[in-house]
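Since the structure comes first, as structure tokens, the remarks are kept for the end.
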Amino acid sequence: MSDVAALEDVCERAWPPRERLVVDGAVLRFASGFTRRANSARVEGGGDDLGGLIERAEREYRSRGLRPGFRLTPLTPPGFEQLLRERGYVVDTEAVVMVAEQLPPRVPGRPGDDIALAPELGEEWLRVFQAIERRWPAEQDPGARWVFGSGTSPRRFALARADGEPAATGYARIEDDWLYIASVATFPEHRRLGLARAVSERLFAWGADAGARRAVLQAETKNAAAQGLYEQLGFRRRHVYRDFVPGTD
């Protein structure tokens with residue numbers, strides 16, 4: 001398995017869809033519409049009929065009431081992007097997969113840090129993350145609960161408070177020896193106070209204690225602040241992926 005394929009597999013297992021369908025060299029993922037990561041076709045093949053693959057995937061997504069989406073990586077067949085563009089598809093998300101081959105060194109907590117780690121998804125954590133970052137509609141709630149709560153892999157939900165009030169979130173899950181980091185988000189009024197770094201460091205420390213040896217995350221390419229933070233913590237860019245969706249649907 002190539003490095004890109006292995007990383008894509010880890011990221012999918014750590015952010016799992018509710019339903020997974022393998023079709024002609026593509027993996028179709030469905031999770032009630034919650035996040036493009038869990039609701040797109042990861043295209044790494046397709047044979048000689050790439051147009052047929054697009055049409056089949058579109059039918060599968062629309063039959064479930066979902067907007068079609070395709071995740072293109074360095075493994076996507078040449079010409080697939082052009083076929084999508086000819087059908088009116090546009091880029092919805094561009095993100096970079098970043099890897100730390102060793103977990104960042106453990107650092108002592110800062111005086112006054114108020115960060116709690118929970119082993120299971122709680123209603124407060126979910127609603128705080130929703131308020132900060134996603135604001136998904138009610139019909140996507142089952143998908144969110146599945147992504148964060150399904151499976152038996154160890155995980156932690158970080159909730160940071162400032163003056164007693166929720167201020168930032170973070171999420172980590174272990175797959176094999178990988179620590180997957182996601183959902184590090186801070187309310188605007190609490191940004192630039194180091195909370196994202198503090199939350200991440202707490203999750204790295206937990207991951208190390210739980211047996212993880214390396215870490216992976218996905219950050220939108222437009223989020224220069226997140227990329228800068230994790231580069232300081234030892235992460236390096238591995239590959240870029242782009243999610244395509246219909247321009248009008």
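Residue names in the structure tokens use chain letters A, B, ... in the order shown, residue numbers from 1 in each chain, and ligand numbers from 1 in the order shown.
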Checklist entry - Could you name the residues that touch stretch 17-27 of chain A at 10 Å or less, counting only C-alpha atoms, but leaving out those on the same chain fewer than 6 positions away, as number ranges by chain? => result A: 33-35, 37-50, 52-54, 56-57, 60, 70-71, 76-77, 142-147, 150
Checklist entry - So which residues touch A:Phe148 within 10 Å, counting only C-alpha atoms, skipping near sequence neighbours fewer than 4 positions away, as a VMD selection string? => result chain A and resid 14 to 16 120 to 122 126 143 to 144 155 to 157 171 to 173
Export of prior selection with C-alpha atoms as a PDB file, in the first residue's frame:
```pdb
ATOM      1  CA  ALA A  14     -10.535   7.690  12.488  1.00  0.00           C
ATOM      2  CA  TRP A  15     -13.389   9.730  10.950  1.00  0.00           C
ATOM      3  CA  PRO A  16     -15.662   6.831   9.981  1.00  0.00           C
ATOM      4  CA  GLU A 120     -16.893   9.343  25.501  1.00  0.00           C
ATOM      5  CA  LEU A 121     -18.873  11.816  23.443  1.00  0.00           C
ATOM      6  CA  GLY A 122     -20.903  14.101  25.695  1.00  0.00           C
ATOM      7  CA  LEU A 126     -20.927  18.129  20.843  1.00  0.00           C
ATOM      8  CA  GLY A 143     -23.905  11.365  11.335  1.00  0.00           C
ATOM      9  CA  ALA A 144     -22.042  13.498  13.851  1.00  0.00           C
ATOM     10  CA  ARG A 155     -10.519   8.440  21.987  1.00  0.00           C
ATOM     11  CA  ARG A 156     -10.672  11.605  24.007  1.00  0.00           C
ATOM     12  CA  PHE A 157     -12.839  14.713  23.806  1.00  0.00           C
ATOM     13  CA  TYR A 171     -10.757  15.446  19.550  1.00  0.00           C
ATOM     14  CA  ALA A 172      -8.269  12.581  19.308  1.00  0.00           C
ATOM     15  CA  ARG A 173      -8.644   8.938  18.350  1.00  0.00           C
TER      16      ARG A 173
END
```
Rows by chain and residue number, stretch 94-138 of chain A within 7 Å of stretch 213-230 of chain A, shortest pair, only C-alpha atoms, as a Markdown table:
```
| residue | atom | partner | partner_atom | distance |
| --- | --- | --- | --- | --- |
| A:Glu94 | CA | A:Glu220 | CA | 5.7 |
| A:Ala95 | CA | A:Glu220 | CA | 3.9 |
| A:Val96 | CA | A:Ala219 | CA | 5.4 |
| A:Val97 | CA | A:Gln218 | CA | 4.6 |
| A:Met98 | CA | A:Leu217 | CA | 5.4 |
| A:Val99 | CA | A:Val216 | CA | 4.5 |
| A:Ala100 | CA | A:Ala215 | CA | 5.1 |
| A:Glu101 | CA | A:Arg214 | CA | 4.8 |
| A:Gln102 | CA | A:Arg214 | CA | 4.7 |
| A:Leu103 | CA | A:Arg214 | CA | 5.2 |
```
Next on the checklist: When you count only C-alpha atoms, which of these residues is closest to A:Ala5: A:Ala210, A:Arg238, A:Gly69, A:Phe244?
Outcome noted: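 Answer, going by the shortest atom-to-atom distance: A:Arg238.
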Checklist entry - So which residues touch A:Asp114 within 12 Å, counting only C-alpha atoms, skipping near sequence neighbours fewer than 2 positions away, as a PyMOL selection string? => result chain A and resi 109-112+116-117+158-169+195+198-199+202
Next on the checklist: Just the number, please: distance in Å from atom CA of A:Ile132 to atom CA of A:Tyr89, one decimal.
Outcome noted: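 A separation of 28.5 Å between them.
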Checklist entry - What's the 9 Å shell around A:Val4, counting only C-alpha atoms, without same-chain residues fewer than 6 positions away, as a ChimeraX atom specification? => result /A:73-75,238-239
Checklist entry - atom CA of A:Glu58 and atom CA of A:Arg13 are how many Å apart? => result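 One can read the atom CA of A:Glu58 to atom CA of A:Arg13 distance as 23.1 Å.
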Next on the checklist: To one decimal place in Å, what is the distance between atom CA of A:Glu175 and atom CA of A:Glu133?
Outcome noted: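 Separating atom CA of A:Glu175 from atom CA of A:Glu133 is a distance of 24.3 Å.
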Item to check | In stretch 95-140 of chain A, DSSP alpha helix (DSSP H) residues written as a PyMOL selection string | outcome: chain A and resi 123-129
Next on the checklist: Give me the residues near A:Pro104 as JSON, numbers by chain, where near means some atom within 8 Å (using only C-alpha atoms) and where sequence neighbours in that chain fewer than 2 positions away do not count.
Outcome noted: {"A": [100, 102, 106, 201, 204, 233, 234]}
For the residues in that selection, give me all heavy atoms as a tab-separated table (two decimals), in the first residue's frame.
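Result file is again_8.tsv:
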```tsv
chain	number	residue	atom	x	y	z
A	100	ALA	N	3.17	13.79	11.90
A	100	ALA	CA	4.31	13.87	12.81
A	100	ALA	C	4.79	12.45	13.05
A	100	ALA	O	4.04	11.63	13.59
A	100	ALA	CB	3.92	14.54	14.13
A	102	GLN	N	6.93	11.40	15.04
A	102	GLN	CA	7.02	11.20	16.48
A	102	GLN	C	6.08	12.18	17.15
A	102	GLN	O	5.90	13.32	16.69
A	102	GLN	CB	8.44	11.44	16.99
A	102	GLN	CG	9.48	10.47	16.45
A	102	GLN	CD	10.86	10.75	17.00
A	102	GLN	OE1	11.14	11.84	17.49
A	102	GLN	NE2	11.73	9.77	16.94
A	106	ARG	N	6.28	15.93	25.52
A	106	ARG	CA	5.32	16.31	26.56
A	106	ARG	C	5.77	17.64	27.20
A	106	ARG	O	6.94	17.86	27.48
A	106	ARG	CB	5.25	15.23	27.62
A	106	ARG	CG	4.17	15.44	28.70
A	106	ARG	CD	4.32	14.38	29.77
A	106	ARG	NE	4.17	13.05	29.21
A	106	ARG	CZ	3.01	12.39	29.14
A	106	ARG	NH1	1.92	12.96	29.63
A	106	ARG	NH2	2.95	11.17	28.64
A	201	GLU	N	-1.69	19.80	22.94
A	201	GLU	CA	-0.64	19.19	23.77
A	201	GLU	C	-1.22	18.22	24.78
A	201	GLU	O	-0.62	17.17	25.06
A	201	GLU	CB	0.17	20.30	24.45
A	201	GLU	CG	1.06	21.06	23.48
A	201	GLU	CD	1.71	22.30	24.08
A	201	GLU	OE1	1.23	22.77	25.14
A	201	GLU	OE2	2.69	22.79	23.50
A	204	PHE	N	-1.94	15.11	22.76
A	204	PHE	CA	-0.70	14.40	22.44
A	204	PHE	C	-0.22	13.60	23.65
A	204	PHE	O	0.21	12.45	23.53
A	204	PHE	CB	0.39	15.37	22.00
A	204	PHE	CG	0.13	16.05	20.69
A	204	PHE	CD1	0.44	17.39	20.51
A	204	PHE	CD2	-0.42	15.36	19.63
A	204	PHE	CE1	0.21	18.03	19.32
A	204	PHE	CE2	-0.67	15.99	18.41
A	204	PHE	CZ	-0.35	17.33	18.26
A	233	LEU	N	4.86	22.06	15.97
A	233	LEU	CA	4.80	20.87	16.82
A	233	LEU	C	5.38	19.63	16.13
A	233	LEU	O	5.24	18.52	16.64
A	233	LEU	CB	3.35	20.62	17.23
A	233	LEU	CG	2.76	21.69	18.18
A	233	LEU	CD1	1.27	21.50	18.33
A	233	LEU	CD2	3.45	21.65	19.54
A	234	GLY	N	5.97	19.83	14.97
A	234	GLY	CA	6.67	18.73	14.32
A	234	GLY	C	5.96	18.06	13.17
A	234	GLY	O	6.46	17.07	12.62
```
Next on the checklist: Which residue is closest to A:Gln82? Choose from A:Gly151, A:Gly51, A:Arg62, A:Ala138 and count only C-alpha atoms.
Outcome noted: A:Gly51
Item to check | Top pick for closest residue to A:Leu193, considering A:Arg135, A:Ser63, A:Asp177, A:Asp113 and counting only C-alpha atoms | outcome: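 That would be A:Asp113, the residue with the smallest distance to A:Leu193.
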Item to check | Closest of A:Leu83, A:Ala31, A:Ala6, A:Cys11 to A:Arg67 - atom-to-atom distances counting only C-alpha atoms | outcome: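 Among A:Leu83, A:Ala31, A:Ala6, A:Cys11, it is A:Ala31 that comes nearest to A:Arg67.
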Item to check | Residue list (strand (DSSP E), DSSP) for stretch 8-220 of chain A, as a VMD selection string | outcome: chain A and resid 19 to 23 26 to 30 41 to 43 70 to 72 89 to 100 115 to 118 155 to 162 165 to 175 178 to 186 214 to 220
